[in-house]
Structure formats: C-alpha cells, structure tokens
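A short write-up of the structure that comes next.
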Amino acid sequence: MNKASWAPVDACEPIPGEDYDQVPVDGIRRPPPRWLLEDAGEQLVVHRGDCAAPGREHEVRPGTVDQVRAAAQAGAVPCEVCRPDRALR
C-alpha cells in the first residue's frame, strides 16, 4: 500500500542516490544554487548562484564548488557582475 506522508522540512533528510527532481514543491521557495555555469557559446562563464546576469539565450546549470574550480582551470571566465572569483580564492 502506498500512503502519502507529511513531515516538517527540518525533520527530513534526502536519501542518498534518490532523485527528487519530480517531488512537488508548490509554495516552497528553494534557495538559489551556490554557483551557476553558463555556456555562452564558445565561453563558459561562472556566476554566483544569485547572479541576475545570465540570460535566457544560453544554457545555465547549477554547479558544485569542485565543478566550478575545474571549469576555472579549464579556462572558464568569472562573471564581471557578481565576481565569483573573489569567493573562490
């Protein structure tokens, strides 16, 4: 039997290996990711997660600290608006 359940957010933890992309979160405001990677054609641009500079014309995806550092070592450039390089020293 499949029963729905409810628990307060602070009492829950994600289960490792489970995908939560399809979990409905109506009315729940998610915090922005810490970092964003913008594929701006031939250039990869690193942004802070709350940066408003990435446009809708490019693919933008969240990134982990390790992904952002690897991208920077591979030639990605920091956003000139939010300056993520200052936080990644």
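Chain labels run A, B, ... following the order of the structure tokens; each chain numbers its residues from 1, and ligands are numbered from 1 in the order shown.
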Residue set, chain A restricted to alpha helix (DSSP H), as a ChimeraX atom specification: /A:65-73
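Residues surrounding Gly75 of chain A within 9 Å are Gln43, Leu44, Ala70, Ala71 and Ala72 of chain A [only C-alpha atoms; sequence separation below 3 positions excluded].
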Nearby residues (only C-alpha atoms) at most 9 Å from segment 60-69 of chain A, same-chain spacing under 6 positions excluded, as a list of chain:residue names: A:Pro32, A:Pro33, A:Arg34, A:Trp35, A:Leu36, A:Leu37, A:Glu38, A:Asp39, A:Ala40, A:Val46, A:Gly49, A:Pro54, A:Ala76, A:Leu88
Atom pair atom CA of Pro78 of chain A / atom CA of Cys51 of chain A: separation (Å): 11.5 Å
DSSP strand (DSSP E or B) selection over chain A, as a ChimeraX atom specification: /A:35-40,43-48,59-63,77-78
